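Visitor: My structure is stored as final19.pdb, with PDB, C-alpha atoms (C1' of nucleotides).
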ATOM      1  CA  MET A  67      22.177 198.978 -47.413
ATOM      2  CA  TYR A  68      25.093 199.852 -45.168
ATOM      3  CA  SER A  69      24.428 200.640 -41.540
ATOM      4  CA  GLY A  70      27.299 203.108 -41.238
ATOM      5  CA  SER A  71      27.494 206.623 -42.651
ATOM      6  CA  ILE A  72      29.582 207.691 -45.643
ATOM      7  CA  ASN A  73      33.028 208.725 -44.474
ATOM      8  CA  ASN A  74      35.889 210.168 -46.419
ATOM      9  CA  LEU A  75      39.598 210.723 -46.216
ATOM     10  CA  GLN A  76      42.005 212.737 -48.304
ATOM     11  CA  PHE A  77      44.522 210.657 -50.204
ATOM     12  CA  GLU A  78      45.825 211.820 -53.560
ATOM     13  CA  ASP A  79      48.111 209.022 -54.637
ATOM     14  CA  LEU A  80      45.658 206.213 -55.216
ATOM     15  CA  ASP A  81      43.970 204.890 -58.342
ATOM     16  CA  LEU A  82      41.231 202.894 -56.652
ATOM     17  CA  SER A  83      39.771 201.228 -59.739
ATOM     18  CA  ALA A  84      43.125 200.228 -61.206
ATOM     19  CA  THR A  85      44.253 198.899 -57.822
ATOM     20  CA  LEU A  86      41.133 196.792 -57.305
ATOM     21  CA  ASN A  87      41.189 195.664 -60.934
ATOM     22  CA  SER A  88      44.885 194.858 -61.188
ATOM     23  CA  GLY A  89      44.571 191.122 -60.696
ATOM     24  CA  GLN A  90      45.387 191.112 -56.990
ATOM     25  CA  MET A  91      41.938 190.014 -55.911
ATOM     26  CA  PHE A  92      38.868 188.686 -57.658
ATOM     27  CA  ARG A  93      35.760 189.078 -55.500
ATOM     28  CA  TRP A  94      35.190 192.831 -55.440
ATOM     29  CA  ASN A  95      32.473 194.140 -57.738
ATOM     30  CA  ARG A  96      31.823 197.500 -59.268
ATOM     31  CA  ASP A  97      28.412 199.172 -58.984
ATOM     32  CA  GLU A  98      26.851 201.151 -61.803
ATOM     33  CA  ASP A  99      27.873 204.397 -60.089
ATOM     34  CA  GLY A 100      31.511 203.289 -60.146
ATOM     35  CA  ALA A 101      31.799 202.414 -56.453
ATOM     36  CA  TRP A 102      33.423 199.111 -55.467
ATOM     37  CA  ARG A 103      31.897 196.607 -53.057
ATOM     38  CA  GLY A 104      33.705 193.859 -51.161
ATOM     39  CA  MET A 105      34.641 192.469 -47.779
ATOM     40  CA  VAL A 106      37.628 193.098 -45.545
ATOM     41  CA  GLY A 107      38.059 191.181 -42.317
ATOM     42  CA  GLY A 108      34.409 190.155 -42.232
ATOM     43  CA  ARG A 109      33.297 193.750 -42.740
ATOM     44  CA  ARG A 110      31.480 194.862 -45.878
ATOM     45  CA  LEU A 111      33.022 197.918 -47.496
ATOM     46  CA  ARG A 112      31.938 200.179 -50.322
ATOM     47  CA  LEU A 113      34.677 202.388 -51.732
ATOM     48  CA  SER A 114      34.664 205.205 -54.264
ATOM     49  CA  GLN A 115      36.758 208.184 -55.254
ATOM     50  CA  SER A 116      36.022 211.796 -56.136
ATOM     51  CA  ALA A 117      36.406 212.749 -59.791
ATOM     52  CA  ASN A 118      39.766 214.399 -59.139
ATOM     53  CA  GLY A 119      40.941 211.338 -57.206
ATOM     54  CA  GLU A 120      41.841 213.313 -54.106
ATOM     55  CA  THR A 121      39.058 212.092 -51.823
ATOM     56  CA  LEU A 122      38.343 208.481 -50.943
ATOM     57  CA  TYR A 123      34.787 207.754 -49.784
ATOM     58  CA  TYR A 124      33.906 204.652 -47.804
ATOM     59  CA  GLU A 125      30.850 203.056 -46.275
ATOM     60  CA  SER A 126      30.999 200.132 -43.928
ATOM     61  CA  ASP A 127      28.955 197.829 -41.740
ATOM     62  CA  GLY A 128      28.941 198.868 -38.111
ATOM     63  CA  ALA A 129      28.761 202.275 -36.567
ATOM     64  CA  ASP A 130      32.357 202.657 -35.443
ATOM     65  CA  ALA A 131      33.862 205.085 -37.945
ATOM     66  CA  ASN A 132      37.360 204.733 -36.499
ATOM     67  CA  GLU A 133      37.341 200.993 -37.047
ATOM     68  CA  ALA A 134      36.121 201.471 -40.603
ATOM     69  CA  THR A 135      38.822 204.045 -41.273
ATOM     70  CA  GLY A 136      41.425 201.673 -39.898
ATOM     71  CA  ALA A 137      40.144 198.840 -42.050
ATOM     72  CA  VAL A 138      40.281 200.970 -45.204
ATOM     73  CA  ARG A 139      43.756 202.313 -44.465
ATOM     74  CA  SER A 140      45.014 198.826 -43.697
ATOM     75  CA  PHE A 141      43.395 197.151 -46.743
ATOM     76  CA  LEU A 142      44.786 199.774 -49.149
ATOM     77  CA  ARG A 143      48.044 200.031 -47.192
ATOM     78  CA  LEU A 144      47.778 203.813 -47.282
ATOM     79  CA  ASP A 145      50.389 204.254 -44.551
ATOM     80  CA  ASP A 146      52.904 201.714 -45.791
ATOM     81  CA  ALA A 147      54.626 203.247 -48.775
ATOM     82  CA  ASP A 148      55.300 206.640 -50.315
ATOM     83  CA  LEU A 149      54.379 205.379 -53.753
ATOM     84  CA  PRO A 150      54.933 208.645 -55.707
ATOM     85  CA  ALA A 151      58.445 208.949 -54.280
ATOM     86  CA  MET A 152      59.200 205.317 -55.082
ATOM     87  CA  ALA A 153      57.793 205.692 -58.575
ATOM     88  CA  ALA A 154      59.787 208.860 -59.218
ATOM     89  CA  GLU A 155      62.975 207.069 -58.254
ATOM     90  CA  TRP A 156      62.157 204.029 -60.396
ATOM     91  CA  SER A 157      61.045 206.168 -63.354
ATOM     92  CA  ALA A 158      64.337 208.041 -63.324
ATOM     93  CA  LYS A 159      66.182 204.743 -63.624
ATOM     94  CA  ASP A 160      63.961 202.848 -66.009
ATOM     95  CA  LEU A 161      62.048 204.021 -69.087
ATOM     96  CA  SER A 162      59.706 201.008 -69.160
ATOM     97  CA  PHE A 163      58.582 201.677 -65.635
ATOM     98  CA  ALA A 164      58.286 205.410 -66.347
ATOM     99  CA  GLU A 165      55.903 204.680 -69.226
ATOM    100  CA  ALA A 166      53.832 202.274 -67.146
ATOM    101  CA  TRP A 167      53.591 204.739 -64.282
ATOM    102  CA  ALA A 168      52.741 207.645 -66.572
ATOM    103  CA  SER A 169      49.890 205.700 -68.156
ATOM    104  CA  ARG A 170      48.277 204.605 -64.871
ATOM    105  CA  PRO A 171      49.790 206.008 -61.646
ATOM    106  CA  GLY A 172      48.429 205.067 -58.235
ATOM    107  CA  ILE A 173      48.269 201.273 -58.291
ATOM    108  CA  ARG A 174      48.942 200.092 -54.735
ATOM    109  CA  ILE A 175      49.551 196.670 -53.233
ATOM    110  CA  LEU A 176      46.673 195.432 -51.061
ATOM    111  CA  ARG A 177      46.593 193.709 -47.696
ATOM    112  CA  GLN A 178      43.982 190.994 -48.241
ATOM    113  CA  ASP A 179      42.721 188.280 -45.971
ATOM    114  CA  PRO A 180      45.580 185.733 -46.173
ATOM    115  CA  GLU A 181      43.431 182.609 -46.202
ATOM    116  CA  GLU A 182      41.063 183.838 -48.918
ATOM    117  CA  CYS A 183      44.079 185.015 -50.907
ATOM    118  CA  PHE A 184      45.627 181.549 -50.490
ATOM    119  CA  PHE A 185      42.581 179.782 -51.949
ATOM    120  CA  ALA A 186      42.017 182.448 -54.608
ATOM    121  CA  PHE A 187      45.440 181.984 -56.132
ATOM    122  CA  LEU A 188      45.208 178.234 -55.771
ATOM    123  CA  CYS A 189      42.285 178.571 -58.205
ATOM    124  CA  ALA A 190      44.180 180.948 -60.486
ATOM    125  CA  SER A 191      46.457 178.460 -62.241
ATOM    126  CA  VAL A 192      46.246 178.812 -66.021
ATOM    127  CA  ALA A 193      42.937 180.625 -65.870
ATOM    128  CA  PRO A 194      41.915 184.040 -67.177
ATOM    129  CA  ILE A 195      40.655 186.506 -64.580
ATOM    130  CA  ALA A 196      37.008 186.110 -65.625
ATOM    131  CA  ARG A 197      37.181 182.396 -64.997
ATOM    132  CA  ILE A 198      38.932 182.854 -61.651
ATOM    133  CA  ARG A 199      36.095 185.158 -60.602
ATOM    134  CA  GLY A 200      33.568 182.543 -61.648
ATOM    135  CA  MET A 201      35.281 179.766 -59.717
ATOM    136  CA  LEU A 202      35.580 181.818 -56.527
ATOM    137  CA  THR A 203      31.983 183.008 -56.739
ATOM    138  CA  ALA A 204      30.789 179.423 -57.158
ATOM    139  CA  VAL A 205      32.890 178.214 -54.207
ATOM    140  CA  ALA A 206      31.761 181.079 -51.983
ATOM    141  CA  THR A 207      28.113 180.573 -52.877
ATOM    142  CA  GLU A 208      28.285 176.853 -52.222
ATOM    143  CA  PHE A 209      30.391 176.786 -49.039
ATOM    144  CA  GLY A 210      30.471 180.342 -47.682
ATOM    145  CA  VAL A 211      28.091 182.112 -45.357
ATOM    146  CA  THR A 212      25.651 184.560 -46.890
ATOM    147  CA  GLY A 213      24.542 187.356 -44.596
ATOM    148  CA  GLU A 214      21.323 189.354 -44.588
ATOM    149  CA  SER A 215      22.956 191.783 -46.993
ATOM    150  CA  GLY A 216      23.165 189.026 -49.574
ATOM    151  CA  TYR A 217      26.929 189.257 -49.633
ATOM    152  CA  THR A 218      28.732 185.966 -49.188
ATOM    153  CA  ARG A 219      31.737 185.588 -46.974
ATOM    154  CA  PHE A 220      34.425 183.327 -48.425
ATOM    155  CA  PRO A 221      34.476 179.960 -46.629
ATOM    156  CA  GLU A 222      37.149 179.187 -44.057
ATOM    157  CA  ALA A 223      39.464 176.212 -44.495
ATOM    158  CA  GLY A 224      37.321 174.118 -42.159
ATOM    159  CA  GLN A 225      34.280 174.687 -44.315
ATOM    160  CA  LEU A 226      36.196 173.991 -47.523
ATOM    161  CA  ALA A 227      37.608 170.814 -46.027
ATOM    162  CA  THR A 228      34.077 169.396 -46.099
ATOM    163  CA  ALA A 229      33.914 169.859 -49.879
ATOM    164  CA  SER A 230      34.411 166.867 -52.123
ATOM    165  CA  GLU A 231      36.692 166.994 -55.135
ATOM    166  CA  VAL A 232      33.787 165.818 -57.277
ATOM    167  CA  ARG A 233      31.591 168.729 -56.179
ATOM    168  CA  LEU A 234      34.353 171.262 -56.776
ATOM    169  CA  ARG A 235      34.877 169.840 -60.260
ATOM    170  CA  GLU A 236      31.156 170.241 -60.872
ATOM    171  CA  LEU A 237      31.567 173.887 -59.871
ATOM    172  CA  GLY A 238      34.103 174.301 -62.667
ATOM    173  CA  LEU A 239      37.419 174.119 -60.830
ATOM    174  CA  GLY A 240      38.812 171.309 -62.967
ATOM    175  CA  PHE A 241      42.205 169.989 -61.869
ATOM    176  CA  ARG A 242      42.333 172.699 -59.178
ATOM    177  CA  ALA A 243      39.633 170.859 -57.215
ATOM    178  CA  ARG A 244      42.062 168.320 -55.755
ATOM    179  CA  ARG A 245      44.458 171.100 -54.751
ATOM    180  CA  ILE A 246      41.704 172.980 -52.898
ATOM    181  CA  VAL A 247      40.514 169.876 -51.065
ATOM    182  CA  GLU A 248      44.012 168.825 -50.012
ATOM    183  CA  ALA A 249      45.093 172.308 -48.942
ATOM    184  CA  ALA A 250      41.862 172.902 -47.027
ATOM    185  CA  SER A 251      42.186 169.563 -45.249
ATOM    186  CA  CYS A 252      45.751 170.381 -44.194
ATOM    187  CA  LEU A 253      44.872 173.913 -43.081
ATOM    188  CA  ALA A 254      41.767 172.848 -41.201
ATOM    189  CA  ILE A 255      43.736 170.801 -38.667
ATOM    190  CA  LEU A 256      46.244 173.591 -38.036
ATOM    191  CA  PRO A 257      45.647 176.459 -35.598
ATOM    192  CA  GLN A 258      43.440 179.178 -37.049
ATOM    193  CA  GLY A 259      45.444 182.006 -38.563
ATOM    194  CA  GLU A 260      48.263 179.743 -39.724
ATOM    195  CA  ILE A 261      48.639 181.612 -43.020
ATOM    196  CA  ALA A 262      48.216 185.059 -41.464
ATOM    197  CA  ALA A 263      50.938 184.236 -38.935
ATOM    198  CA  LEU A 264      53.407 184.159 -41.826
ATOM    199  CA  ARG A 265      53.298 187.971 -41.783
ATOM    200  CA  GLN A 266      55.826 187.680 -38.961
ATOM    201  CA  ALA A 267      58.103 185.407 -40.994
ATOM    202  CA  SER A 268      60.676 186.389 -43.588
ATOM    203  CA  LEU A 269      59.773 186.158 -47.275
ATOM    204  CA  LYS A 270      61.974 183.086 -47.612
ATOM    205  CA  GLU A 271      60.398 181.365 -44.608
ATOM    206  CA  ALA A 272      56.869 182.223 -45.734
ATOM    207  CA  LYS A 273      57.473 180.854 -49.235
ATOM    208  CA  GLU A 274      59.042 177.677 -47.889
ATOM    209  CA  ARG A 275      55.984 177.107 -45.701
ATOM    210  CA  LEU A 276      53.439 177.908 -48.418
ATOM    211  CA  THR A 277      55.069 175.708 -51.052
ATOM    212  CA  GLN A 278      54.687 172.724 -48.734
ATOM    213  CA  PHE A 279      50.980 172.722 -49.646
ATOM    214  CA  PHE A 280      50.174 170.550 -52.657
ATOM    215  CA  GLY A 281      49.452 172.793 -55.611
ATOM    216  CA  VAL A 282      51.303 175.846 -54.296
ATOM    217  CA  GLY A 283      54.399 176.545 -56.350
ATOM    218  CA  GLU A 284      56.694 179.542 -56.314
ATOM    219  CA  LYS A 285      54.404 181.838 -58.273
ATOM    220  CA  ILE A 286      51.321 181.255 -56.155
ATOM    221  CA  ALA A 287      53.392 181.544 -52.969
ATOM    222  CA  ASP A 288      54.726 184.900 -54.173
ATOM    223  CA  CYS A 289      51.175 186.113 -54.903
ATOM    224  CA  ILE A 290      50.041 185.208 -51.393
ATOM    225  CA  CYS A 291      53.144 186.810 -49.873
ATOM    226  CA  LEU A 292      52.803 190.055 -51.828
ATOM    227  CA  PHE A 293      49.037 190.536 -51.775
ATOM    228  CA  SER A 294      48.248 189.464 -48.227
ATOM    229  CA  LEU A 295      51.401 189.086 -46.107
ATOM    230  CA  ASP A 296      53.149 192.448 -46.639
ATOM    231  CA  LYS A 297      56.141 190.834 -48.339
ATOM    232  CA  ASP A 298      56.994 193.720 -50.653
ATOM    233  CA  GLY A 299      59.970 191.925 -52.144
ATOM    234  CA  ALA A 300      57.893 189.032 -53.482
ATOM    235  CA  ILE A 301      57.857 188.896 -57.297
ATOM    236  CA  PRO A 302      55.165 186.595 -58.752
ATOM    237  CA  VAL A 303      56.744 185.544 -62.042
ATOM    238  CA  ASP A 304      53.796 184.675 -64.256
ATOM    239  CA  THR A 305      53.775 184.508 -68.023
ATOM    240  CA  HIS A 306      53.544 188.318 -68.311
ATOM    241  CA  ILE A 307      56.328 189.141 -65.866
ATOM    242  CA  TRP A 308      58.472 186.427 -67.445
ATOM    243  CA  ARG A 309      57.982 188.144 -70.822
ATOM    244  CA  ILE A 310      58.735 191.601 -69.377
ATOM    245  CA  ALA A 311      61.797 190.343 -67.534
ATOM    246  CA  ARG A 312      63.373 188.753 -70.596
ATOM    247  CA  ALA A 313      62.719 191.841 -72.686
ATOM    248  CA  ARG A 314      63.954 194.384 -70.200
ATOM    249  CA  TYR A 315      65.444 193.339 -66.882
ATOM    250  CA  ALA A 316      67.123 189.985 -67.537
ATOM    251  CA  PRO A 317      67.876 189.841 -71.290
ATOM    252  CA  GLU A 318      70.339 187.024 -70.693
ATOM    253  CA  LEU A 319      67.255 184.802 -70.165
ATOM    254  CA  ALA A 320      65.923 185.353 -73.699
ATOM    255  CA  GLY A 321      65.053 182.020 -75.287
ATOM    256  CA  LYS A 322      65.315 180.159 -71.985
ATOM    257  CA  SER A 323      62.639 178.307 -70.026
ATOM    258  CA  LEU A 324      61.190 179.354 -66.705
ATOM    259  CA  THR A 325      63.042 176.865 -64.509
ATOM    260  CA  PRO A 326      63.333 177.392 -60.737
ATOM    261  CA  GLN A 327      66.820 178.806 -61.242
ATOM    262  CA  ASN A 328      65.631 181.272 -63.867
ATOM    263  CA  TYR A 329      62.692 182.208 -61.655
ATOM    264  CA  ALA A 330      65.237 183.178 -59.004
ATOM    265  CA  LYS A 331      67.204 185.176 -61.580
ATOM    266  CA  VAL A 332      64.084 187.177 -62.488
ATOM    267  CA  THR A 333      63.455 187.900 -58.810
ATOM    268  CA  ALA A 334      67.055 189.015 -58.386
ATOM    269  CA  ALA A 335      66.837 191.238 -61.475
ATOM    270  CA  PHE A 336      63.720 192.981 -60.142
ATOM    271  CA  HIS A 337      65.422 193.506 -56.781
ATOM    272  CA  ARG A 338      68.451 194.965 -58.577
ATOM    273  CA  PHE A 339      66.296 197.460 -60.467
ATOM    274  CA  PHE A 340      63.692 198.289 -57.852
ATOM    275  CA  GLY A 341      65.061 197.428 -54.413
ATOM    276  CA  ASP A 342      63.248 195.930 -51.457
ATOM    277  CA  LYS A 343      59.763 197.070 -52.561
ATOM    278  CA  ALA A 344      60.170 195.585 -56.039
ATOM    279  CA  GLY A 345      56.807 193.849 -55.716
ATOM    280  CA  TRP A 346      55.069 197.224 -56.002
ATOM    281  CA  ALA A 347      56.936 198.006 -59.227
ATOM    282  CA  GLN A 348      56.134 194.540 -60.538
ATOM    283  CA  GLN A 349      52.403 195.141 -60.058
ATOM    284  CA  ILE A 350      52.475 198.410 -61.997
ATOM    285  CA  LEU A 351      54.367 196.754 -64.846
ATOM    286  CA  PHE A 352      52.020 193.760 -64.718
ATOM    287  CA  TYR A 353      48.962 195.999 -64.970
ATOM    288  CA  ARG A 354      50.295 197.691 -68.088
ATOM    289  CA  GLN A 355      51.215 194.389 -69.723
ATOM    290  CA  ALA A 356      48.229 192.215 -68.779
ATOM    291  CA  VAL A 357      45.176 194.114 -67.565
ATOM    292  CA  ASN A 358      45.559 197.164 -69.777
ATOM    293  CA  ARG A 359      46.067 194.965 -72.812
ATOM    294  CA  ASP A 360      42.936 192.953 -72.007
ATOM    295  CA  ASP A 361      40.900 196.155 -71.644
ATOM    296  CA  LYS A 362      42.117 197.397 -75.028
ATOM    297  CA  ALA A 363      41.235 194.068 -76.611
ATOM    298  CA  ARG A 364      37.723 194.239 -75.162
ATOM    299  CA  LYS A 365      37.220 197.775 -76.489
ATOM    300  CA  THR A 366      38.412 196.693 -79.926
ATOM    301  CA  ILE A 367      35.908 193.844 -79.974
ATOM    302  CA  LYS A 368      33.074 196.194 -79.045
TER     303      LYS A 368
ATOM    304  C1'  DG B 131      68.861 170.283 -63.438
ATOM    305  C1'  DC B 132      66.067 170.651 -67.482
ATOM    306  C1'  DT B 133      62.193 169.386 -70.532
ATOM    307  C1'  DT B 134      57.821 167.678 -71.385
ATOM    308  C1'  DA B 135      53.137 166.092 -70.813
ATOM    309  C1'  DA B 136      49.011 166.196 -68.389
ATOM    310  C1'  DC B 137      45.608 168.551 -66.058
ATOM    311  C1'  DC B 138      40.004 171.673 -66.901
ATOM    312  C1'  DT B 139      37.539 175.092 -69.341
ATOM    313  C1'  DG B 140      35.752 178.978 -71.884
ATOM    314  C1'  DG B 141      36.474 182.677 -75.014
ATOM    315  C1'  DA B 142      38.969 184.572 -79.009
ATOM    316  C1'  DC B 143      40.387 183.840 -83.452
ATOM    317  C1'  DG B 144      41.148 181.998 -88.100
ATOM    318  C1'  DC B 145      39.261 179.350 -91.641
TER     319       DC B 145
ATOM    320  C1'  DG C1059      30.334 175.851 -87.274
ATOM    321  C1'  DC C1060      34.649 173.828 -86.092
ATOM    322  C1'  DG C1061      39.410 173.348 -84.698
ATOM    323  C1'  DT C1062      43.132 175.536 -82.355
ATOM    324  C1'  DC C1063      45.252 178.426 -79.141
ATOM    325  C1'  DC C1064      45.764 180.623 -74.881
ATOM    326  C1'  DA C1065      45.068 182.013 -70.189
ATOM    327  C1'  DG C1066      48.371 185.150 -63.760
ATOM    328  C1'  DG C1067      50.971 177.068 -62.802
ATOM    329  C1'  DT C1068      52.114 172.797 -60.700
ATOM    330  C1'  DT C1069      53.420 168.214 -60.572
ATOM    331  C1'  DA C1070      55.628 164.045 -61.890
ATOM    332  C1'  DA C1071      58.217 161.352 -64.997
ATOM    333  C1'  DG C1072      61.973 160.812 -68.048
ATOM    334  C1'  DC C1073      66.377 162.064 -69.595
TER     335       DC C1073
END
With the file now loaded, output its structure as C-alpha cells.
Guide:
Amino acid sequence: MYSGSINNLQFEDLDLSATLNSGQMFRWNRDEDGAWRGMVGGRRLRLSQSANGETLYYESDGADANEATGAVRSFLRLDDADLPAMAAEWSAKDLSFAEAWASRPGIRILRQDPEECFFAFLCASVAPIARIRGMLTAVATEFGVTGESGYTRFPEAGQLATASEVRLRELGLGFRARRIVEAASCLAILPQGEIAALRQASLKEAKERLTQFFGVGEKIADCICLFSLDKDGAIPVDTHIWRIARARYAPELAGKSLTPQNYAKVTAAFHRFFGDKAGWAQQILFYRQAVNRDDKARKTIK
DNA sequence: GCTTAACCTGGACGC
DNA sequence: GCGTCCAGGTTAAGC
C-alpha cells in the first residue's frame, strides 16, 4: 500500500504505457488494472492514465504531494519538450517518422536514475528485453535492499562491488558478469554521484567518460546519456536503428558494417533530419521497429 | 581502419 | 525432440 493519496495532473501528450514499455527501462511492472509500479529516486511510484489519456494519476510514498508531483514531472520530463510540436515538424519532413508517430504518439524520453541506468544497459548487450528484465531482477533481489513494501531498490555501485563474477554468472548474466564487477569496482571508489554529475557535461564529454568503463561502448554510452542524463542528441545505434538508418536516413551505408565511423555517420544523419532533440525521434522510430514488432509477434503466437 | 571471433542464454522457428 | 538462429554490444586479435 502507498502512504500518500492519489494525485493527478492534466497532461494530454503522453502515452504512459508505450513510454514505460519502449525499452528505456526494465524494472517497472504493470498491475492487472493497467497501472505501472516502479521507483524514482528512492521513492515508490504508481502511475496510471485516464481512458482518454488526458489525466495522469500518481501515488507515491510519503505525504508531501508537491515532492511527488515534482518527481513525476521530472521522471517523465513533462516540462522539457513540446513533443507534439516537435513531432509535427518531423512528420512534415519525413514520412517514416509520420507513420511511426501516427501509430503511437506520446512516447517521451525518461529521466532515470543514472547509476541504475548505467548497470541496466551494461546488462543489455545482445539480450532480448525479457532476459534483461530477468537479469536485473535477479541482481536487485540478491544485492539490493528490499523495503517493507516488498519492492527492491537497485543496489548501489558499492553494494555491487561486493559481488563476485561467479555469483553474477550463476544469476544468469553470462559474459556481462565481469563487466558489472569491474564497472562497480571502479565506480565504488569514486565520489557518489559520479555518473549523475555527467548531466552537467556535454554529450561528447559524457560519452568519453562513460566509454572508459570496461564493457561500455558507444551504444551503451548513448543509452545512458539519452535515458538518464538529458542528452537529447544521443542516438543509441542498435541493430534496429542501424537497419532503419540504412533504409531511410543514410542509404549510402547500405551493405556496410557498423564501424565506429559509420556509427558517427548514423548519428550525423539523425541530427540532420531531426535536429538537436534527435534522440526523441529515434525512440519513437525504435518503438515502431522493435517493440511494436515484438508485440505483434506475440499476438500472432497466441 | 576494418573484419572477425568469442562471449552467455533462452525462446522462436524449421525440420 | 533437436539444431539453428537471433536478440537493444563490446573487446581483442589479425590483417
Visitor: Could you please select, counting only C-alpha atoms (C1' of nucleotides), the residues of chain B within 10 Å of chain A and state them as a PyMOL selection string?
Guide: chain B and resi 131-133+137-142
Visitor: Using only C-alpha atoms (C1' of nucleotides), please write the residues we just selected to a file, as a CSV table (one decimal), in the frame of the given file.
Guide:
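Output saved as again.csv:
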chain,number,residue,atom,x,y,z
B,131,DG,C1',68.9,170.3,-63.4
B,132,DC,C1',66.1,170.7,-67.5
B,133,DT,C1',62.2,169.4,-70.5
B,137,DC,C1',45.6,168.6,-66.1
B,138,DC,C1',40.0,171.7,-66.9
B,139,DT,C1',37.5,175.1,-69.3
B,140,DG,C1',35.8,179.0,-71.9
B,141,DG,C1',36.5,182.7,-75.0
B,142,DA,C1',39.0,184.6,-79.0
Visitor: Compute the set of chain C residues within 8 Å of chain A, using all atoms listed in the file, and express it as a compact mmCIF listing (two decimals) with C-alpha atoms (C1' of nucleotides), in the coordinates of the input.
Guide:
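Final file, result_13.txt:
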# COMPACT_ATOMS: atom_id res chain seq x y z
C1' DA C 1065 45.07 182.01 -70.19
C1' DG C 1066 48.37 185.15 -63.76
C1' DG C 1067 50.97 177.07 -62.80
C1' DT C 1068 52.11 172.80 -60.70
C1' DT C 1069 53.42 168.21 -60.57
Visitor: Might you spell out which residues the PyMOL selection byres ((chain C and resi 1072) around 10) would select in the displayed file, as a ChimeraX atom specification?
Guide: /B:133-134 /C:1070-1071,1073
Visitor: Have a look at atom CA of Phe293 of chain A and atom CA of Leu176 of chain A and let me know their distance in Å, one decimal.
Guide: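 Interatomic distance, atom CA of Phe293 of chain A to atom CA of Leu176 of chain A: 5.5 Å.
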Visitor: With a distance cut-off of 8 Å and all atoms listed in the file, select the neighbouring residues of Ile290 of chain A, excluding the residue or stretch itself and same-chain residues fewer than 6 positions from it, and output the selection as a short mmCIF file (atom, residue, chain, number, x, y, z; two decimals) with C-alpha atoms, keeping the file's coordinate frame.
Guide:
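Written out: result_32.cif:
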data_model
loop_
_atom_site.label_atom_id
_atom_site.label_comp_id
_atom_site.auth_asym_id
_atom_site.auth_seq_id
_atom_site.Cartn_x
_atom_site.Cartn_y
_atom_site.Cartn_z
CA PRO A 180 45.58 185.73 -46.17
CA CYS A 183 44.08 185.02 -50.91
CA PHE A 184 45.63 181.55 -50.49
CA PHE A 187 45.44 181.98 -56.13
#
Visitor: Would you mind reading off the distance between atom CA of Ser268 of chain A and atom CA of Ile301 of chain A, one decimal, in Å?
Guide: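 Computing the Euclidean distance for atom CA of Ser268 of chain A and atom CA of Ile301 of chain A yields 14.2 Å.
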Visitor: If you apply the PyMOL selection byres ((chain A and resi 106) around 9) to this file, what residues do you get, as a PDB file with C-alpha atoms, in the coordinates of the input?
Guide:
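Output file expr-v5.pdb follows:
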ATOM      1  CA  GLY A 104      33.705 193.859 -51.161  1.00  0.00           C
ATOM      2  CA  MET A 105      34.641 192.469 -47.779  1.00  0.00           C
ATOM      3  CA  GLY A 107      38.059 191.181 -42.317  1.00  0.00           C
ATOM      4  CA  GLY A 108      34.409 190.155 -42.232  1.00  0.00           C
ATOM      5  CA  ARG A 109      33.297 193.750 -42.740  1.00  0.00           C
ATOM      6  CA  ARG A 110      31.480 194.862 -45.878  1.00  0.00           C
ATOM      7  CA  LEU A 111      33.022 197.918 -47.496  1.00  0.00           C
ATOM      8  CA  ALA A 137      40.144 198.840 -42.050  1.00  0.00           C
ATOM      9  CA  VAL A 138      40.281 200.970 -45.204  1.00  0.00           C
ATOM     10  CA  PHE A 141      43.395 197.151 -46.743  1.00  0.00           C
ATOM     11  CA  GLN A 178      43.982 190.994 -48.241  1.00  0.00           C
ATOM     12  CA  ASP A 179      42.721 188.280 -45.971  1.00  0.00           C
TER      13      ASP A 179
END
Visitor: Please measure the separation of atom CA of Asp145 of chain A and atom CA of Arg177 of chain A, giving the value in Å to one decimal.
Guide: 11.6 Å
Visitor: In terms of the shortest atom-to-atom distance over only C-alpha atoms, which of A:Gln278, A:Ser294, A:Thr207, A:Asn87 is closest to Leu264 of chain A?
Guide: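 Closest to Leu264 of chain A of all the choices is A:Ser294.
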Visitor: Contacts of Thr203 of chain A at 10 Å or less, counting all atoms listed in the file, minus same-chain residues fewer than 5 places along, as a PyMOL selection string?
Guide: chain A and resi 92-93+197-198+208+210+218+220+237
Visitor: What would the selection look like, as a list in words, if the PyMOL selection byres ((chain C and resi 1062) around 12) were run on the coordinates I just shared?
Guide: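 When the PyMOL selection byres ((chain C and resi 1062) around 12) is applied to the shown file, the picked residues are DA142, DC143, DG144 and DC145 of chain B; DC1060, DG1061, DC1063 and DC1064 of chain C.
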Visitor: For Ala84 of chain A, work out the shell of residues within 10 Å, counting all atoms listed in the file and skipping chain neighbours fewer than 5 positions away, then give it as number ranges by chain.
Guide: A: 89, 170-174, 350, 353, 357-358
